[in-house]
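Text of data_11.tsv (TSV, C-alpha atoms) as supplied:
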```
chain	number	residue	atom	x	y	z
A	801	MET	CA	34.65	-43.72	-29.47
A	802	GLY	CA	36.89	-45.53	-31.85
A	803	LEU	CA	40.14	-43.59	-31.62
A	804	CYS	CA	42.95	-45.87	-30.48
A	805	LEU	CA	46.24	-44.60	-29.05
A	806	ALA	CA	48.26	-47.61	-27.95
A	807	ASN	CA	51.62	-45.96	-27.22
A	808	PRO	CA	52.00	-44.70	-23.62
A	809	THR	CA	53.63	-41.51	-24.90
A	810	ASP	CA	50.65	-40.64	-27.11
A	811	LYS	CA	48.03	-38.32	-25.66
A	812	TYR	CA	44.31	-37.69	-26.06
A	813	VAL	CA	43.77	-33.95	-26.40
A	814	ASP	CA	41.07	-31.38	-27.09
A	815	ARG	CA	40.93	-28.73	-29.80
A	816	ASN	CA	42.61	-26.15	-27.63
A	817	ALA	CA	45.66	-28.38	-27.34
A	818	LEU	CA	45.69	-28.95	-31.11
A	819	ALA	CA	45.71	-25.20	-31.69
A	820	LEU	CA	48.81	-24.84	-29.52
A	821	VAL	CA	50.90	-27.36	-31.49
A	822	PRO	CA	53.56	-25.45	-33.46
A	823	THR	CA	53.68	-26.01	-37.20
A	824	PRO	CA	57.09	-26.43	-38.89
A	825	ALA	CA	58.25	-23.72	-41.24
A	826	TRP	CA	57.45	-24.09	-44.93
A	827	THR	CA	60.00	-25.11	-47.49
A	828	PRO	CA	59.76	-24.49	-51.26
A	829	THR	CA	58.22	-27.94	-51.79
A	830	TRP	CA	56.61	-28.77	-48.44
A	831	HIS	CA	53.84	-26.77	-46.80
A	832	PRO	CA	52.84	-28.45	-43.51
A	833	VAL	CA	49.25	-27.77	-42.47
A	834	PRO	CA	48.45	-26.97	-38.81
A	835	HIS	CA	46.58	-29.81	-37.12
A	836	ILE	CA	43.80	-27.48	-36.02
A	837	ASP	CA	43.29	-26.22	-39.60
A	838	VAL	CA	42.51	-29.76	-40.78
A	839	VAL	CA	39.96	-30.21	-37.98
A	840	ASP	CA	38.39	-26.79	-38.60
A	841	ALA	CA	38.08	-27.50	-42.33
A	842	VAL	CA	36.25	-30.75	-41.63
A	843	GLU	CA	33.94	-29.07	-39.12
A	844	SER	CA	33.11	-26.33	-41.61
A	845	ALA	CA	32.25	-28.90	-44.29
A	846	ILE	CA	30.03	-30.78	-41.83
A	847	CYS	CA	28.11	-27.64	-40.89
A	848	ASN	CA	27.75	-26.60	-44.52
A	849	ARG	CA	25.81	-29.82	-45.14
A	850	GLY	CA	23.43	-29.40	-42.23
A	851	MET	CA	24.97	-32.23	-40.22
A	852	THR	CA	25.57	-32.11	-36.47
A	853	ILE	CA	28.63	-33.21	-34.54
A	854	ALA	CA	27.67	-35.50	-31.66
A	855	SER	CA	31.15	-36.02	-30.22
A	856	GLU	CA	34.80	-35.78	-31.12
A	857	ARG	CA	38.12	-37.12	-29.91
A	858	PHE	CA	41.66	-36.26	-30.93
A	859	GLY	CA	45.09	-37.61	-30.18
A	860	LEU	CA	48.70	-36.59	-30.69
A	861	ALA	CA	51.59	-38.98	-31.28
A	862	ARG	CA	55.33	-38.82	-31.82
A	863	ASP	CA	55.97	-35.56	-29.93
A	864	GLN	CA	52.86	-33.92	-31.42
A	865	GLN	CA	54.07	-34.54	-34.95
A	866	LYS	CA	51.14	-36.83	-35.80
A	867	MET	CA	47.49	-36.02	-35.22
A	868	PHE	CA	44.58	-38.45	-35.32
A	869	GLY	CA	40.91	-37.74	-34.74
A	870	VAL	CA	37.41	-39.20	-34.91
A	871	ILE	CA	34.31	-37.03	-35.24
A	872	THR	CA	30.95	-38.73	-34.68
A	873	LEU	CA	27.87	-37.34	-36.38
A	874	THR	CA	24.35	-37.39	-35.01
A	875	ASN	CA	22.40	-40.28	-36.58
A	876	ARG	CA	18.64	-40.33	-36.13
A	877	ASN	CA	17.99	-43.09	-38.68
A	878	ASN	CA	19.87	-46.12	-37.35
A	879	PRO	CA	20.33	-46.68	-33.60
A	880	GLU	CA	22.87	-49.49	-34.12
A	881	TRP	CA	25.70	-47.28	-35.32
A	882	THR	CA	26.63	-43.69	-36.01
A	883	ARG	CA	28.49	-42.16	-38.92
A	884	CYS	CA	32.03	-41.11	-38.21
A	885	ILE	CA	34.77	-39.17	-39.91
A	886	GLY	CA	38.37	-40.15	-39.33
A	887	ILE	CA	41.08	-37.50	-39.63
A	888	ARG	CA	44.84	-37.65	-39.72
A	889	ASN	CA	47.66	-35.16	-40.29
A	890	SER	CA	51.43	-35.11	-39.84
A	891	HIS	CA	54.16	-32.53	-39.40
A	892	ASP	CA	57.04	-34.94	-40.03
A	893	GLN	CA	56.22	-35.98	-43.62
A	894	SER	CA	55.44	-39.53	-42.44
A	895	PHE	CA	52.02	-39.61	-44.14
A	896	ALA	CA	49.64	-37.38	-46.05
A	897	ALA	CA	46.77	-35.40	-44.60
A	898	GLY	CA	43.61	-37.46	-44.97
A	899	ILE	CA	40.03	-38.01	-43.95
A	900	CYS	CA	37.82	-41.06	-44.35
A	901	CYS	CA	34.30	-42.15	-43.55
A	902	GLY	CA	33.21	-44.95	-41.28
A	903	VAL	CA	30.72	-46.11	-38.68
A	904	SER	CA	31.00	-46.55	-34.95
A	905	VAL	CA	29.16	-49.56	-33.56
A	906	LEU	CA	27.57	-48.18	-30.43
A	907	VAL	CA	27.35	-51.36	-28.37
A	908	CYS	CA	31.10	-51.79	-28.18
A	909	SER	CA	32.55	-48.55	-29.62
A	910	ASN	CA	34.28	-50.40	-32.44
A	911	LEU	CA	35.19	-48.35	-35.46
A	912	CYS	CA	34.98	-49.58	-39.05
A	913	PHE	CA	36.37	-47.40	-41.81
A	914	GLY	CA	35.19	-47.52	-45.39
A	915	GLY	CA	38.12	-48.35	-47.57
A	916	GLU	CA	41.15	-46.23	-48.32
A	917	PHE	CA	41.32	-42.69	-47.05
A	918	VAL	CA	38.98	-40.68	-49.23
A	919	ILE	CA	41.57	-37.94	-49.54
A	920	LYS	CA	45.25	-38.45	-49.11
A	921	ARG	CA	47.32	-35.46	-50.15
A	922	ARG	CA	50.92	-34.55	-49.47
A	923	HIS	CA	51.65	-31.14	-48.01
A	924	THR	CA	52.88	-29.60	-51.23
A	925	SER	CA	52.87	-25.96	-52.21
A	926	GLY	CA	49.69	-26.51	-54.22
A	927	ILE	CA	47.55	-27.96	-51.42
A	928	ASP	CA	44.09	-26.36	-51.04
A	929	LEU	CA	42.84	-27.81	-47.80
A	930	PHE	CA	39.31	-26.39	-47.72
A	931	SER	CA	38.50	-27.26	-51.35
A	932	MET	CA	39.91	-30.73	-50.81
A	933	VAL	CA	37.73	-31.33	-47.75
A	934	GLU	CA	34.60	-29.97	-49.42
A	935	GLU	CA	35.05	-32.30	-52.41
A	936	THR	CA	35.65	-35.23	-50.09
A	937	MET	CA	32.52	-34.59	-48.04
A	938	ASP	CA	30.46	-34.64	-51.24
A	939	ALA	CA	31.90	-38.04	-52.12
A	940	MET	CA	31.33	-39.38	-48.63
A	941	THR	CA	27.54	-39.31	-48.90
A	942	ASP	CA	27.51	-42.17	-51.39
A	943	SER	CA	30.30	-43.93	-49.51
A	944	TYR	CA	28.26	-43.98	-46.29
A	945	LEU	CA	25.19	-45.42	-48.03
A	946	LEU	CA	27.19	-48.19	-49.70
A	947	PHE	CA	29.14	-48.97	-46.56
A	948	GLU	CA	26.06	-49.18	-44.33
A	949	GLU	CA	24.23	-51.40	-46.83
A	950	ARG	CA	27.19	-53.80	-46.91
A	951	LEU	CA	27.39	-53.85	-43.13
A	952	LEU	CA	23.71	-54.77	-42.89
A	953	ASN	CA	24.30	-57.64	-45.28
A	954	LEU	CA	26.93	-59.10	-42.97
A	955	HIS	CA	24.18	-59.86	-40.43
A	956	ASP	CA	22.62	-62.33	-42.87
A	957	ILE	CA	25.74	-64.26	-43.86
A	958	GLY	CA	26.25	-67.30	-41.64
A	959	VAL	CA	29.74	-68.50	-40.76
A	960	THR	CA	30.80	-71.93	-39.51
A	961	ASP	CA	33.69	-72.26	-37.08
A	962	ASN	CA	35.88	-73.77	-39.79
A	963	GLN	CA	35.03	-70.93	-42.17
A	964	ALA	CA	35.97	-68.46	-39.42
A	965	ARG	CA	39.32	-70.21	-38.91
A	966	ILE	CA	40.11	-70.04	-42.62
A	967	PHE	CA	39.04	-66.40	-42.88
A	968	ILE	CA	41.14	-65.31	-39.90
A	969	VAL	CA	44.25	-67.00	-41.30
A	970	LYS	CA	43.52	-65.39	-44.65
A	971	ALA	CA	43.29	-61.99	-42.91
A	972	ALA	CA	46.73	-62.55	-41.39
A	973	GLU	CA	48.16	-63.53	-44.78
A	974	TYR	CA	46.65	-60.37	-46.26
A	975	GLY	CA	48.22	-58.24	-43.54
A	976	ALA	CA	45.04	-57.16	-41.73
A	977	ILE	CA	46.30	-58.61	-38.45
A	978	PRO	CA	49.69	-59.96	-37.36
A	979	SER	CA	49.86	-63.75	-37.24
A	980	CYS	CA	50.29	-63.65	-33.45
A	981	ASP	CA	46.68	-62.40	-33.16
A	982	ILE	CA	45.05	-65.25	-35.11
A	983	LEU	CA	44.12	-67.16	-31.95
A	984	ALA	CA	43.01	-64.01	-30.13
A	985	VAL	CA	40.57	-63.11	-32.92
A	986	PHE	CA	39.23	-66.67	-33.10
A	987	ASN	CA	38.69	-66.82	-29.34
A	988	GLU	CA	36.89	-63.46	-29.43
A	989	TYR	CA	34.66	-64.82	-32.18
A	990	LEU	CA	33.87	-68.00	-30.21
A	991	GLU	CA	33.28	-66.17	-26.92
A	992	PRO	CA	32.51	-62.52	-27.72
A	993	ARG	CA	32.61	-60.11	-24.81
A	994	HIS	CA	29.34	-58.57	-26.03
A	995	GLU	CA	26.20	-60.71	-26.08
A	996	GLU	CA	25.01	-59.01	-29.28
A	997	PHE	CA	27.73	-60.81	-31.27
A	998	ARG	CA	27.09	-64.41	-30.22
A	999	GLU	CA	25.30	-65.28	-33.45
A	1000	ARG	CA	27.69	-66.94	-35.92
A	1001	THR	CA	27.70	-64.41	-38.77
A	1002	GLN	CA	30.18	-62.31	-40.70
A	1003	TRP	CA	28.99	-59.36	-38.61
A	1004	SER	CA	30.15	-61.12	-35.45
A	1005	LEU	CA	33.41	-62.14	-37.12
A	1006	LEU	CA	34.12	-58.53	-38.10
A	1007	ASN	CA	33.50	-57.49	-34.50
A	1008	ALA	CA	36.05	-60.06	-33.31
A	1009	PHE	CA	38.70	-58.46	-35.51
A	1010	THR	CA	37.92	-54.90	-34.43
A	1011	GLU	CA	37.84	-55.81	-30.73
A	1012	ILE	CA	41.37	-57.18	-30.91
A	1013	ALA	CA	42.50	-54.25	-33.08
A	1014	HIS	CA	41.83	-51.82	-30.23
A	1015	LYS	CA	45.29	-52.56	-28.87
A	1016	TYR	CA	47.04	-51.46	-32.07
A	1017	LYS	CA	48.79	-48.16	-32.54
A	1018	PRO	CA	46.92	-45.66	-34.78
A	1019	ALA	CA	48.79	-46.44	-38.01
A	1020	ARG	CA	48.39	-50.20	-37.50
A	1021	PHE	CA	44.74	-49.76	-36.54
A	1022	ASP	CA	44.17	-47.78	-39.73
A	1023	LEU	CA	45.82	-50.48	-41.83
A	1024	CYS	CA	43.79	-53.21	-40.14
A	1025	ASN	CA	40.52	-51.42	-40.83
A	1026	ARG	CA	41.35	-50.78	-44.47
A	1027	LYS	CA	42.38	-54.40	-45.00
A	1028	LEU	CA	39.23	-55.67	-43.29
A	1029	THR	CA	37.11	-53.40	-45.47
A	1030	ARG	CA	38.57	-55.13	-48.51
A	1031	LEU	CA	38.33	-58.65	-47.06
A	1032	PHE	CA	34.68	-58.22	-46.08
A	1033	ALA	CA	33.93	-56.51	-49.42
A	1034	LEU	CA	32.59	-53.43	-47.63
A	1035	ASP	CA	33.98	-51.19	-50.36
A	1036	GLY	CA	31.57	-52.48	-53.00
A	1037	GLN	CA	34.21	-54.49	-54.82
A	1038	PRO	CA	33.98	-58.29	-55.28
A	1039	ALA	CA	35.14	-60.31	-52.29
A	1040	LEU	CA	38.68	-61.66	-52.40
A	1041	THR	CA	38.95	-65.35	-53.20
```
Kindly present the structure from the file in structure tokens form.
Amino acid sequence: MGLCLANPTDKYVDRNALALVPTPAWTPTWHPVPHIDVVDAVESAICNRGMTIASERFGLARDQQKMFGVITLTNRNNPEWTRCIGIRNSHDQSFAAGICCGVSVLVCSNLCFGGEFVIKRRHTSGIDLFSMVEETMDAMTDSYLLFEERLLNLHDIGVTDNQARIFIVKAAEYGAIPSCDILAVFNEYLEPRHEEFRERTQWSLLNAFTEIAHKYKPARFDLCNRKLTRLFALDGQPALT
């Protein structure tokens, strides 16, 4: 699955471990949400829509203060990828609780997320977690359809080696990858580790980025995916020039 934890002190955990993580005490303006409550709210919304969870993976970072997760849904329509839901939560006020939609490419377990986090709410006294998740899941249906259509289109867009060079440098300028990874992405594109990506297309180029991004820490991986979504116009907006 596509959850990346690059720091040696970070840990992959199950739901039982999430439930044991203590939640900080509330303040008048900050109401931290237990990690397990975020996961349970997402699971409830999934079941309410008749969808089935195929697999799930969670991780804790920064002394259990940050939680990241990926839930994969059963997909009977397209064998090339499965729909995924990304989850994050924090107990140290470093970022807002959020969930987003994406796809996991089965051949190499890459994860591509569709744009900005669909919800991104601070832990204020007015937070209504379950209503927030329910509204987000409704919006995700259209997001998945758009995202998958755009991904299919990438298969049909040819890329020359020079175009790939220019695009990768542009991605570094845009902040999708650090400049030190420009050569690594280009080499992955020229000699992909998976035979399925040897054809010179935008689909293969996207795979080169996501393969290298596996080494990033969760926050950097998230940023990379969101930037790539914009660069490859997977969010339905016009491509950047």
Inset, instruction - For each of A:Glu843, A:Glu1011, A:Glu999, A:Asp961, take the minimum atom-to-atom distance to Cys804 of chain A, counting all atoms listed in the file, then give the residue where this is smallest. - result: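 Looking only at the distances to Cys804 of chain A, the closest residue turns out to be A:Glu1011.
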Legend entry - d(atom CA of Trp830 of chain A, atom CA of Phe858 of chain A) in Å: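 Straight-line distance from atom CA of Trp830 of chain A to atom CA of Phe858 of chain A works out to 24.2 Å.
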Inset, instruction - Name the closest residue to Thr936 of chain A among the candidates A:Cys884, A:Ile977, A:Ala845, A:Ala964; distances are taken between atoms, counting all atoms listed in the file. - result: A:Ala845
Nearby residues (all atoms listed in the file) at most 9 Å from Val839 of chain A, same-chain spacing under 5 positions excluded, as a PDB file with C-alpha atoms, in the coordinates of the input:
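After the write, part-v8.pdb holds the following:
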```pdb
ATOM      1  CA  ARG A 815      40.930 -28.730 -29.800  1.00  0.00           C
ATOM      2  CA  SER A 844      33.110 -26.330 -41.610  1.00  0.00           C
ATOM      3  CA  GLY A 869      40.910 -37.740 -34.740  1.00  0.00           C
ATOM      4  CA  ILE A 887      41.080 -37.500 -39.630  1.00  0.00           C
TER       5      ILE A 887
END
```
Inset, instruction - Rank A:Ile1012, A:Ile957, A:Phe997, A:Met867 by their smallest atom-to-atom distance to Leu983 of chain A, using all atoms listed in the file, and report the top residue only. - result: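 Distance minimum relative to Leu983 of chain A lands on A:Ile1012.
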Inset, instruction - Can you work out the spacing between atom CA of Ala1008 of chain A and atom CA of Ala854 of chain A in Å, to one decimal? - result: 26.0 Å
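Taking atom CA of Leu951 of chain A and atom CA of Gly898 of chain A as the two end points, the separation is 23.1 Å.
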What are the centre and the three edge lengths of an axis-aligned box that wraps all atoms of segment 1014-1022 of chain A in the file, given that 8 Å is added to every side, written as AutoDock Vina command-line options and rounded to one decimal in Å?
```
--center_x 45.3 --center_y -49.1 --center_z -34.3 --size_x 23.0 --size_y 22.9 --size_z 26.9
```
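With all atoms listed in the file as the basis for measurement, A:Val833 is the residue among A:Leu929, A:Leu1006, A:Val833, A:Val969 that approaches Gln893 of chain A most closely.
Distances here use all atoms listed in the file; by that measure, the residue among A:Asn1025, A:Asn987, A:Ala841, A:Pro978 closest to Met932 of chain A is A:Ala841.
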Inset, instruction - List every protein, DNA or RNA residue with an atom no more than 12 Å from (53.0, -25.1, -37.0) in the file's coordinates, counting all atoms listed in the file, and format the result as a list in words. - result: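 Residues satisfying the cut-off, written out: Leu818, Ala819, Leu820, Val821, Pro822, Thr823, Pro824, Ala825, Trp826, His831, Pro832, Val833, Pro834, His835, Ile836, Asp837, Gln864, Gln865, Lys866, Asn889, Ser890, His891 and Asp892 of chain A.
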Export, as an mmCIF file, in the coordinates of the input, the selected residues with C-alpha atoms.
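Below is the file again-v3.cif, written as the result:
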```cif
data_model
loop_
_atom_site.group_PDB
_atom_site.id
_atom_site.type_symbol
_atom_site.label_atom_id
_atom_site.label_comp_id
_atom_site.auth_asym_id
_atom_site.auth_seq_id
_atom_site.Cartn_x
_atom_site.Cartn_y
_atom_site.Cartn_z
ATOM 1 C CA LEU A 818 45.690 -28.950 -31.110
ATOM 2 C CA ALA A 819 45.710 -25.200 -31.690
ATOM 3 C CA LEU A 820 48.810 -24.840 -29.520
ATOM 4 C CA VAL A 821 50.900 -27.360 -31.490
ATOM 5 C CA PRO A 822 53.560 -25.450 -33.460
ATOM 6 C CA THR A 823 53.680 -26.010 -37.200
ATOM 7 C CA PRO A 824 57.090 -26.430 -38.890
ATOM 8 C CA ALA A 825 58.250 -23.720 -41.240
ATOM 9 C CA TRP A 826 57.450 -24.090 -44.930
ATOM 10 C CA HIS A 831 53.840 -26.770 -46.800
ATOM 11 C CA PRO A 832 52.840 -28.450 -43.510
ATOM 12 C CA VAL A 833 49.250 -27.770 -42.470
ATOM 13 C CA PRO A 834 48.450 -26.970 -38.810
ATOM 14 C CA HIS A 835 46.580 -29.810 -37.120
ATOM 15 C CA ILE A 836 43.800 -27.480 -36.020
ATOM 16 C CA ASP A 837 43.290 -26.220 -39.600
ATOM 17 C CA GLN A 864 52.860 -33.920 -31.420
ATOM 18 C CA GLN A 865 54.070 -34.540 -34.950
ATOM 19 C CA LYS A 866 51.140 -36.830 -35.800
ATOM 20 C CA ASN A 889 47.660 -35.160 -40.290
ATOM 21 C CA SER A 890 51.430 -35.110 -39.840
ATOM 22 C CA HIS A 891 54.160 -32.530 -39.400
ATOM 23 C CA ASP A 892 57.040 -34.940 -40.030
#
```
Inset, instruction - Counting only C-alpha atoms, note down every residue that has an atom within 9 Å of the point (27.6, -60.9, -38.1) (file coordinates), as a PyMOL selection string. - result: chain A and resi 951-959+997-1007
If you keep C-alpha atoms, can you produce a file of those selected residues as a PDB file, in the coordinates of the input?
```pdb
ATOM      1  CA  LEU A 951      27.390 -53.850 -43.130  1.00  0.00           C
ATOM      2  CA  LEU A 952      23.710 -54.770 -42.890  1.00  0.00           C
ATOM      3  CA  ASN A 953      24.300 -57.640 -45.280  1.00  0.00           C
ATOM      4  CA  LEU A 954      26.930 -59.100 -42.970  1.00  0.00           C
ATOM      5  CA  HIS A 955      24.180 -59.860 -40.430  1.00  0.00           C
ATOM      6  CA  ASP A 956      22.620 -62.330 -42.870  1.00  0.00           C
ATOM      7  CA  ILE A 957      25.740 -64.260 -43.860  1.00  0.00           C
ATOM      8  CA  GLY A 958      26.250 -67.300 -41.640  1.00  0.00           C
ATOM      9  CA  VAL A 959      29.740 -68.500 -40.760  1.00  0.00           C
ATOM     10  CA  PHE A 997      27.730 -60.810 -31.270  1.00  0.00           C
ATOM     11  CA  ARG A 998      27.090 -64.410 -30.220  1.00  0.00           C
ATOM     12  CA  GLU A 999      25.300 -65.280 -33.450  1.00  0.00           C
ATOM     13  CA  ARG A1000      27.690 -66.940 -35.920  1.00  0.00           C
ATOM     14  CA  THR A1001      27.700 -64.410 -38.770  1.00  0.00           C
ATOM     15  CA  GLN A1002      30.180 -62.310 -40.700  1.00  0.00           C
ATOM     16  CA  TRP A1003      28.990 -59.360 -38.610  1.00  0.00           C
ATOM     17  CA  SER A1004      30.150 -61.120 -35.450  1.00  0.00           C
ATOM     18  CA  LEU A1005      33.410 -62.140 -37.120  1.00  0.00           C
ATOM     19  CA  LEU A1006      34.120 -58.530 -38.100  1.00  0.00           C
ATOM     20  CA  ASN A1007      33.500 -57.490 -34.500  1.00  0.00           C
TER      21      ASN A1007
END
```
Inset, instruction - Return the single residue from A:Leu860, A:Ala896, A:Ala984, A:Ile885 that is closest to Met937 of chain A, with distances computed using only C-alpha atoms. - result: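 Closest residue, counting only C-alpha atoms: A:Ile885.
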